[in-house]
Each structure stands twice: as structure tokens, then as C-alpha cells.
Amino acid sequence: GDSVTQMEGPVTLSEEAFLTINCTYTATGYPSLFWYVQYPGEGLQLLLKATKADDKGSNKGFEATYRKETTSFHLEKGSVQVSDSAVYFCALSLYNQGGKLIFGQGTELSVKP
Amino acid sequence: GAGVSQSPSNKVTEKGKDVELRCDPISGHTALYWYRQSLGQGLEFLIYFQGNSAPDKSGLPSDRFSAERTGGSVSTLTIQRTQQEDSAVYLCASSSYRDSGTYEQYFGPGTRLTVT
């Protein structure tokens, strides 16, 4: 079946460190890929997305590239801030399934000053 | 504009009681989704509406769970005879078809359900 696997957390980094959160997927069709973020006490927000191979999604200094050959969508940021502390979810959706999201298990990021 | 709203924000109920959770999607969004977020299971899809019909109910965990959507807008998720394992945050999202062919979903703040 369709699934998403993320690296396990929690991930703890110092401010200005480089961030990578790995995400790989299995899909029966050609999915769209998303990263959602959940800040403490807040709801889920779309961070970035990519809809076809080699697309790069970017927002707030975060980037992820849709790699069809490796079925991956790793999230990166060059210099994290304390305000980036949150839980990050990788997800896929398939158009022929009405766009329902299939989520990874989430990765908690804690950034220390 | 107004985002997705959900009510109540918190609900504490006794085991065996029925509960109703409400979702008001973004105006004009044709698709509506329910998800559940729990510690043990992460984020799980429950049901999806396109207009008032539900083409995909595959995520509903048991026949105690049901949902409806009226007027292509408000949706209600009903859990009958609640059990402790139903305790979770229930999230609603809505979307409209984007030119890119994806359904970009916007989430509400969730209803935290606690079954005692």
C-alpha cells in the first residue's frame, strides 16, 4: 500500500546548524508530496509541496526536492532558528484517491540557542 | 479570510456516550477531510467528502464512526458508544482543486476528545 517513512526523532540541533529530515515514500501511482509543520500548541500548516519529479518546494528557508528515482522528499534548511522548533510531517497524496493525505510518523525538531 | 473552524475545541466524555464533532470548511472548498491524531497511531485519514458524498470512508476505524456533510459545507463526525481508544485529536481539513492538480489542504485547529 501507499506509505511514508520519516526519520525518527527527536532531533536536537543548535541554532544556525544545518537540518536534514529524511522522508521516503511508497506509492501505487504518481503522488504529490508535502511537508506540513505543527508548532507547539498550534494546528497543522502546509510548509511546502512538490507535484512532479525534480520539482523543488521551498518556503521560509526550507527546501525539499521530489526525487522519483529514490522515492524521496528530504527536508533541508541551511541555518535553523529556535523558532523552527516544531513537529514536521512528510505526506503524500494521490489525485485518483481524492487527494487524501498519507502522513509519515512525524519528526520532532528542537533547536537550542 | 476565515480558515477552517472546528467545535468544540475540547470534549471530555464518559465511555459509552455518543459525541458529535463539527467542522466548518473554508467557503467554496468542495473537498473536506477528517483525520485523527493520536500518540500511538500518528496522523490517520478517516473519511473524505467531495460535495455531500463520501467516496472514501476507508479510514473509519469501526461502524461506531460515521460522518455526514450537508449543503456542501458543514460536516459532522459522530462517534457512538465512545471507547477510551477513541481519545485523540480529530482534525478537519478542506481543499479545492488547484491548477497543479493537487488538493492543497488547510487544517482546522482540531477537537481534542478525551474519553474517561
# chains A, B, ... in the order shown; residues from 1 in each chain; ligands from 1
$ residues_around --residues "Glu104 (chain B)" --least-positions-apart "4" --cutoff "10 Å" --atoms "only C-alpha atoms" --output "VMD selection string"
(chain A and resid 32 34 46 49 93 99 to 101) or (chain B and resid 93 to 98 100)
$ write_last_selection --atoms "all heavy atoms" --output "JSON list (two decimals), in the first residue's frame"
[["chain", "number", "residue", "atom", "x", "y", "z"],
["A", 32, "SER", "N", 1.67, 13.55, -5.27],
["A", 32, "SER", "CA", 2.17, 14.86, -4.87],
["A", 32, "SER", "C", 2.75, 14.71, -3.47],
["A", 32, "SER", "O", 2.27, 13.88, -2.68],
["A", 32, "SER", "CB", 1.05, 15.89, -4.86],
["A", 32, "SER", "OG", 0.55, 16.10, -6.16],
["A", 34, "PHE", "N", 4.32, 16.55, 0.19],
["A", 34, "PHE", "CA", 4.13, 17.71, 1.04],
["A", 34, "PHE", "C", 4.97, 17.58, 2.31],
["A", 34, "PHE", "O", 5.25, 16.48, 2.78],
["A", 34, "PHE", "CB", 2.65, 17.82, 1.49],
["A", 34, "PHE", "CG", 1.65, 17.85, 0.38],
["A", 34, "PHE", "CD1", 1.20, 16.67, -0.19],
["A", 34, "PHE", "CD2", 1.15, 19.05, -0.09],
["A", 34, "PHE", "CE1", 0.27, 16.69, -1.22],
["A", 34, "PHE", "CE2", 0.21, 19.08, -1.12],
["A", 34, "PHE", "CZ", -0.23, 17.90, -1.68],
["A", 46, "LEU", "N", 0.69, 23.85, 6.08],
["A", 46, "LEU", "CA", 1.48, 23.42, 4.93],
["A", 46, "LEU", "C", 2.77, 24.23, 4.88],
["A", 46, "LEU", "O", 2.75, 25.46, 4.91],
["A", 46, "LEU", "CB", 0.69, 23.63, 3.64],
["A", 46, "LEU", "CG", 1.43, 23.28, 2.35],
["A", 46, "LEU", "CD1", 1.73, 21.78, 2.29],
["A", 46, "LEU", "CD2", 0.61, 23.70, 1.13],
["A", 49, "LYS", "N", 5.45, 22.10, -0.89],
["A", 49, "LYS", "CA", 4.94, 20.96, -1.66],
["A", 49, "LYS", "C", 5.67, 20.85, -2.99],
["A", 49, "LYS", "O", 6.32, 21.81, -3.44],
["A", 49, "LYS", "CB", 3.44, 21.12, -1.91],
["A", 49, "LYS", "CG", 3.11, 22.24, -2.88],
["A", 49, "LYS", "CD", 1.63, 22.27, -3.21],
["A", 49, "LYS", "CE", 1.35, 23.34, -4.26],
["A", 49, "LYS", "NZ", -0.08, 23.39, -4.63],
["A", 93, "SER", "N", -0.08, 12.57, -1.43],
["A", 93, "SER", "CA", -1.47, 12.41, -1.84],
["A", 93, "SER", "C", -1.50, 11.95, -3.28],
["A", 93, "SER", "O", -0.59, 12.22, -4.07],
["A", 93, "SER", "CB", -2.26, 13.71, -1.67],
["A", 93, "SER", "OG", -1.92, 14.65, -2.68],
["A", 99, "GLY", "N", -7.13, 13.04, -3.20],
["A", 99, "GLY", "CA", -6.20, 13.93, -2.53],
["A", 99, "GLY", "C", -6.00, 13.67, -1.05],
["A", 99, "GLY", "O", -5.36, 14.46, -0.37],
["A", 100, "LYS", "N", -6.54, 12.55, -0.54],
["A", 100, "LYS", "CA", -6.35, 12.30, 0.89],
["A", 100, "LYS", "C", -4.85, 12.18, 1.18],
["A", 100, "LYS", "O", -4.08, 11.67, 0.39],
["A", 100, "LYS", "CB", -7.07, 11.03, 1.33],
["A", 100, "LYS", "CG", -6.43, 9.75, 0.87],
["A", 100, "LYS", "CD", -7.22, 8.54, 1.38],
["A", 100, "LYS", "CE", -6.52, 7.24, 1.00],
["A", 100, "LYS", "NZ", -7.33, 6.05, 1.36],
["A", 101, "LEU", "N", -4.46, 12.70, 2.34],
["A", 101, "LEU", "CA", -3.06, 12.71, 2.72],
["A", 101, "LEU", "C", -2.70, 11.45, 3.51],
["A", 101, "LEU", "O", -3.44, 11.04, 4.40],
["A", 101, "LEU", "CB", -2.76, 13.94, 3.58],
["A", 101, "LEU", "CG", -2.77, 15.28, 2.83],
["A", 101, "LEU", "CD1", -2.82, 16.44, 3.81],
["A", 101, "LEU", "CD2", -1.56, 15.40, 1.93],
["B", 93, "ALA", "N", -9.90, 19.10, 7.53],
["B", 93, "ALA", "CA", -9.21, 19.91, 6.52],
["B", 93, "ALA", "C", -10.13, 20.09, 5.32],
["B", 93, "ALA", "O", -10.99, 19.25, 5.05],
["B", 93, "ALA", "CB", -7.91, 19.23, 6.09],
["B", 94, "SER", "N", -9.92, 21.18, 4.61],
["B", 94, "SER", "CA", -10.69, 21.38, 3.38],
["B", 94, "SER", "C", -9.76, 21.82, 2.27],
["B", 94, "SER", "O", -8.64, 22.29, 2.52],
["B", 94, "SER", "CB", -11.81, 22.41, 3.58],
["B", 94, "SER", "OG", -11.31, 23.72, 3.75],
["B", 95, "SER", "N", -10.22, 21.62, 1.04],
["B", 95, "SER", "CA", -9.38, 21.99, -0.09],
["B", 95, "SER", "C", -10.24, 22.21, -1.32],
["B", 95, "SER", "O", -11.38, 21.77, -1.40],
["B", 95, "SER", "CB", -8.33, 20.91, -0.38],
["B", 95, "SER", "OG", -8.93, 19.78, -0.97],
["B", 96, "SER", "N", -9.63, 22.89, -2.28],
["B", 96, "SER", "CA", -10.23, 22.99, -3.60],
["B", 96, "SER", "C", -9.18, 22.56, -4.60],
["B", 96, "SER", "O", -7.99, 22.60, -4.32],
["B", 96, "SER", "CB", -10.67, 24.43, -3.89],
["B", 96, "SER", "OG", -9.56, 25.29, -3.89],
["B", 97, "TYR", "N", -9.62, 22.12, -5.75],
["B", 97, "TYR", "CA", -8.69, 21.64, -6.76],
["B", 97, "TYR", "C", -7.84, 22.81, -7.26],
["B", 97, "TYR", "O", -8.35, 23.86, -7.55],
["B", 97, "TYR", "CB", -9.47, 21.03, -7.92],
["B", 97, "TYR", "CG", -8.60, 20.43, -8.99],
["B", 97, "TYR", "CD1", -8.09, 19.15, -8.84],
["B", 97, "TYR", "CD2", -8.28, 21.14, -10.13],
["B", 97, "TYR", "CE1", -7.29, 18.59, -9.82],
["B", 97, "TYR", "CE2", -7.49, 20.59, -11.11],
["B", 97, "TYR", "CZ", -6.99, 19.32, -10.96],
["B", 97, "TYR", "OH", -6.20, 18.77, -11.92],
["B", 98, "ARG", "N", -6.52, 22.58, -7.27],
["B", 98, "ARG", "CA", -5.60, 23.62, -7.72],
["B", 98, "ARG", "C", -5.18, 23.33, -9.15],
["B", 98, "ARG", "O", -5.21, 22.21, -9.62],
["B", 98, "ARG", "CB", -4.37, 23.67, -6.82],
["B", 98, "ARG", "CG", -4.67, 23.83, -5.37],
["B", 98, "ARG", "CD", -4.87, 25.25, -4.97],
["B", 98, "ARG", "NE", -3.65, 26.01, -5.09],
["B", 98, "ARG", "CZ", -3.53, 27.26, -4.64],
["B", 98, "ARG", "NH1", -4.56, 27.84, -4.07],
["B", 98, "ARG", "NH2", -2.41, 27.91, -4.78],
["B", 100, "SER", "N", -2.44, 22.92, -10.33],
["B", 100, "SER", "CA", -1.37, 21.92, -10.39],
["B", 100, "SER", "C", -1.91, 20.50, -10.32],
["B", 100, "SER", "O", -1.17, 19.56, -10.47],
["B", 100, "SER", "CB", -0.39, 22.15, -9.25],
["B", 100, "SER", "OG", -1.05, 21.97, -8.01]]
$ residues_around --residues "region 53-66 of chain B" --least-positions-apart "2" --cutoff "10 Å" --atoms "only C-alpha atoms" --output "PyMOL selection string"
(chain A and resi 97-98+100) or (chain B and resi 18-20+31-36+44-51+68-70+72+76-83+86)
$ residues_around --residues "region 21-30 of chain A" --least-positions-apart "4" --cutoff "7 Å" --atoms "only C-alpha atoms" --output "MDAnalysis selection string"
chainID A and resid 1:7 71:76 90 94
$ write_last_selection --atoms "C-alpha atoms" --output "compact mmCIF listing (two decimals), in the first residue's frame"
# COMPACT_ATOMS: atom_id res chain seq x y z
CA GLY A 1 0.00 0.00 0.00
CA ASP A 2 0.90 3.67 -0.07
CA SER A 3 3.08 4.83 2.80
CA VAL A 4 5.55 7.45 4.01
CA THR A 5 8.56 6.82 6.22
CA GLN A 6 10.38 9.60 8.06
CA MET A 7 13.50 9.59 10.15
CA THR A 71 11.34 7.92 -3.94
CA SER A 72 12.45 10.62 -1.52
CA PHE A 73 11.50 14.13 -0.43
CA HIS A 74 14.05 15.13 2.19
CA LEU A 75 13.55 18.41 4.05
CA GLU A 76 16.55 20.73 4.43
CA CYS A 90 6.03 14.38 5.39
CA LEU A 94 -2.76 10.74 -4.96
$ interface_residues --of "chain B" --to "chain A" --cutoff "7 Å" --atoms "only C-alpha atoms" --output "VMD selection string"
chain B and resid 42 to 43 45 102 to 103 107 to 109
$ residues_around --residues "Leu109 (chain A)" --least-positions-apart "5" --cutoff "8 Å" --atoms "only C-alpha atoms" --output "JSON, numbers by chain"
{"A": [9, 10, 11, 12, 13, 84, 85, 86, 87, 88]}
$ select_by_dssp --residues "region 4-100 of chain B" --states "strand (DSSP E)" --output "PyMOL selection string"
chain B and resi 5-7+10-13+19-24+31-38+42-50+53-56+65-69+75-79+88-95
$ residues_around --residues "Phe62 (chain A)" --least-positions-apart "5" --cutoff "9 Å" --atoms "only C-alpha atoms" --output "count of residues only"
7
$ atom_distance --atom1 "CA of Leu92 (chain A)" --atom2 "CA of Gln37 (chain B)"
16.6 Å
$ closest_residue --among "B:Cys92, B:Ser38, B:Ile26, B:Ser87" --to "Gln6 (chain B)" --atoms "only C-alpha atoms"
B:Cys92
$ closest_residue --among "A:Gln81, A:Thr70, A:Asn96, A:Asn59" --to "Ser110 (chain A)" --atoms "only C-alpha atoms"
A:Gln81
$ closest_residue --among "A:Glu108, A:Thr20, A:Gln38, A:Ser14" --to "Glu63 (chain A)" --atoms "only C-alpha atoms"
A:Thr20
$ residues_around --residues "Glu16 (chain A)" --least-positions-apart "6" --cutoff "9 Å" --atoms "only C-alpha atoms" --output "mmCIF file with all heavy atoms, in the first residue's frame"
data_model
loop_
_atom_site.group_PDB
_atom_site.id
_atom_site.type_symbol
_atom_site.label_atom_id
_atom_site.label_comp_id
_atom_site.auth_asym_id
_atom_site.auth_seq_id
_atom_site.Cartn_x
_atom_site.Cartn_y
_atom_site.Cartn_z
ATOM 1 N N GLY A 78 19.320 25.435 5.742
ATOM 2 C CA GLY A 78 20.742 25.719 5.917
ATOM 3 C C GLY A 78 21.118 26.209 7.302
ATOM 4 O O GLY A 78 22.218 25.942 7.783
ATOM 5 N N SER A 79 20.194 26.917 7.970
ATOM 6 C CA SER A 79 20.534 27.518 9.254
ATOM 7 C C SER A 79 19.247 27.620 10.080
ATOM 8 O O SER A 79 18.426 28.503 9.839
ATOM 9 C CB SER A 79 21.150 28.905 9.042
ATOM 10 O OG SER A 79 21.393 29.548 10.273
ATOM 11 N N VAL A 80 19.076 26.699 11.018
ATOM 12 C CA VAL A 80 17.829 26.660 11.775
ATOM 13 C C VAL A 80 17.836 27.702 12.892
ATOM 14 O O VAL A 80 18.898 28.120 13.381
ATOM 15 C CB VAL A 80 17.562 25.260 12.365
ATOM 16 C CG1 VAL A 80 17.297 24.261 11.255
ATOM 17 C CG2 VAL A 80 18.710 24.809 13.269
ATOM 18 N N GLN A 81 16.636 28.087 13.279
ATOM 19 C CA GLN A 81 16.433 29.045 14.359
ATOM 20 C C GLN A 81 15.616 28.381 15.469
ATOM 21 O O GLN A 81 14.918 27.385 15.223
ATOM 22 C CB GLN A 81 15.691 30.281 13.845
ATOM 23 C CG GLN A 81 16.360 30.954 12.660
ATOM 24 C CD GLN A 81 17.764 31.425 13.002
ATOM 25 O OE1 GLN A 81 17.970 32.082 14.020
ATOM 26 N NE2 GLN A 81 18.739 31.091 12.149
ATOM 27 N N VAL A 82 15.664 28.974 16.644
ATOM 28 C CA VAL A 82 14.881 28.436 17.761
ATOM 29 C C VAL A 82 13.403 28.359 17.384
ATOM 30 O O VAL A 82 12.702 27.401 17.743
ATOM 31 C CB VAL A 82 15.086 29.296 19.019
ATOM 32 C CG1 VAL A 82 14.135 28.863 20.123
ATOM 33 C CG2 VAL A 82 16.535 29.218 19.490
ATOM 34 N N VAL A 111 15.377 23.120 18.591
ATOM 35 C CA VAL A 111 16.552 23.938 18.304
ATOM 36 C C VAL A 111 16.914 24.723 19.557
ATOM 37 O O VAL A 111 16.085 25.449 20.109
ATOM 38 C CB VAL A 111 16.279 24.910 17.138
ATOM 39 C CG1 VAL A 111 17.535 25.751 16.858
ATOM 40 C CG2 VAL A 111 15.850 24.148 15.896
ATOM 41 N N PRO A 113 19.277 27.511 21.700
ATOM 42 C CA PRO A 113 20.035 28.742 21.428
ATOM 43 C C PRO A 113 21.531 28.539 21.670
ATOM 44 O O PRO A 113 21.956 27.654 22.400
ATOM 45 C CB PRO A 113 19.454 29.749 22.412
ATOM 46 C CG PRO A 113 18.540 29.016 23.306
ATOM 47 C CD PRO A 113 18.354 27.617 22.813
#
$ atom_distance --atom1 "CA of Val37 (chain A)" --atom2 "CA of Gly28 (chain B)"
24.5 Å
$ decode --residues "region 12-33 of chain A" --atoms "C-alpha atoms" --output "mmCIF file, in the first residue's frame"
data_model
loop_
_atom_site.group_PDB
_atom_site.id
_atom_site.type_symbol
_atom_site.label_atom_id
_atom_site.label_comp_id
_atom_site.auth_asym_id
_atom_site.auth_seq_id
_atom_site.Cartn_x
_atom_site.Cartn_y
_atom_site.Cartn_z
ATOM 1 C CA THR A 12 18.051 18.346 18.636
ATOM 2 C CA LEU A 13 20.205 20.985 16.957
ATOM 3 C CA SER A 14 21.967 24.175 17.928
ATOM 4 C CA GLU A 15 20.872 27.448 16.357
ATOM 5 C CA GLU A 16 22.363 28.024 12.867
ATOM 6 C CA ALA A 17 23.012 24.308 12.343
ATOM 7 C CA PHE A 18 22.106 22.558 9.092
ATOM 8 C CA LEU A 19 18.929 20.498 9.140
ATOM 9 C CA THR A 20 18.014 17.406 7.158
ATOM 10 C CA ILE A 21 14.914 15.326 7.851
ATOM 11 C CA ASN A 22 14.736 12.267 5.642
ATOM 12 C CA CYS A 23 11.478 11.167 4.019
ATOM 13 C CA THR A 24 10.874 8.292 1.638
ATOM 14 C CA TYR A 25 7.614 7.069 0.168
ATOM 15 C CA THR A 26 5.908 4.121 -1.480
ATOM 16 C CA ALA A 27 3.047 4.877 -3.838
ATOM 17 C CA THR A 28 0.969 2.947 -6.335
ATOM 18 C CA GLY A 29 0.629 5.988 -8.564
ATOM 19 C CA TYR A 30 2.317 9.330 -9.128
ATOM 20 C CA PRO A 31 1.943 11.237 -5.862
ATOM 21 C CA SER A 32 2.169 14.860 -4.868
ATOM 22 C CA LEU A 33 4.461 15.357 -1.897
#
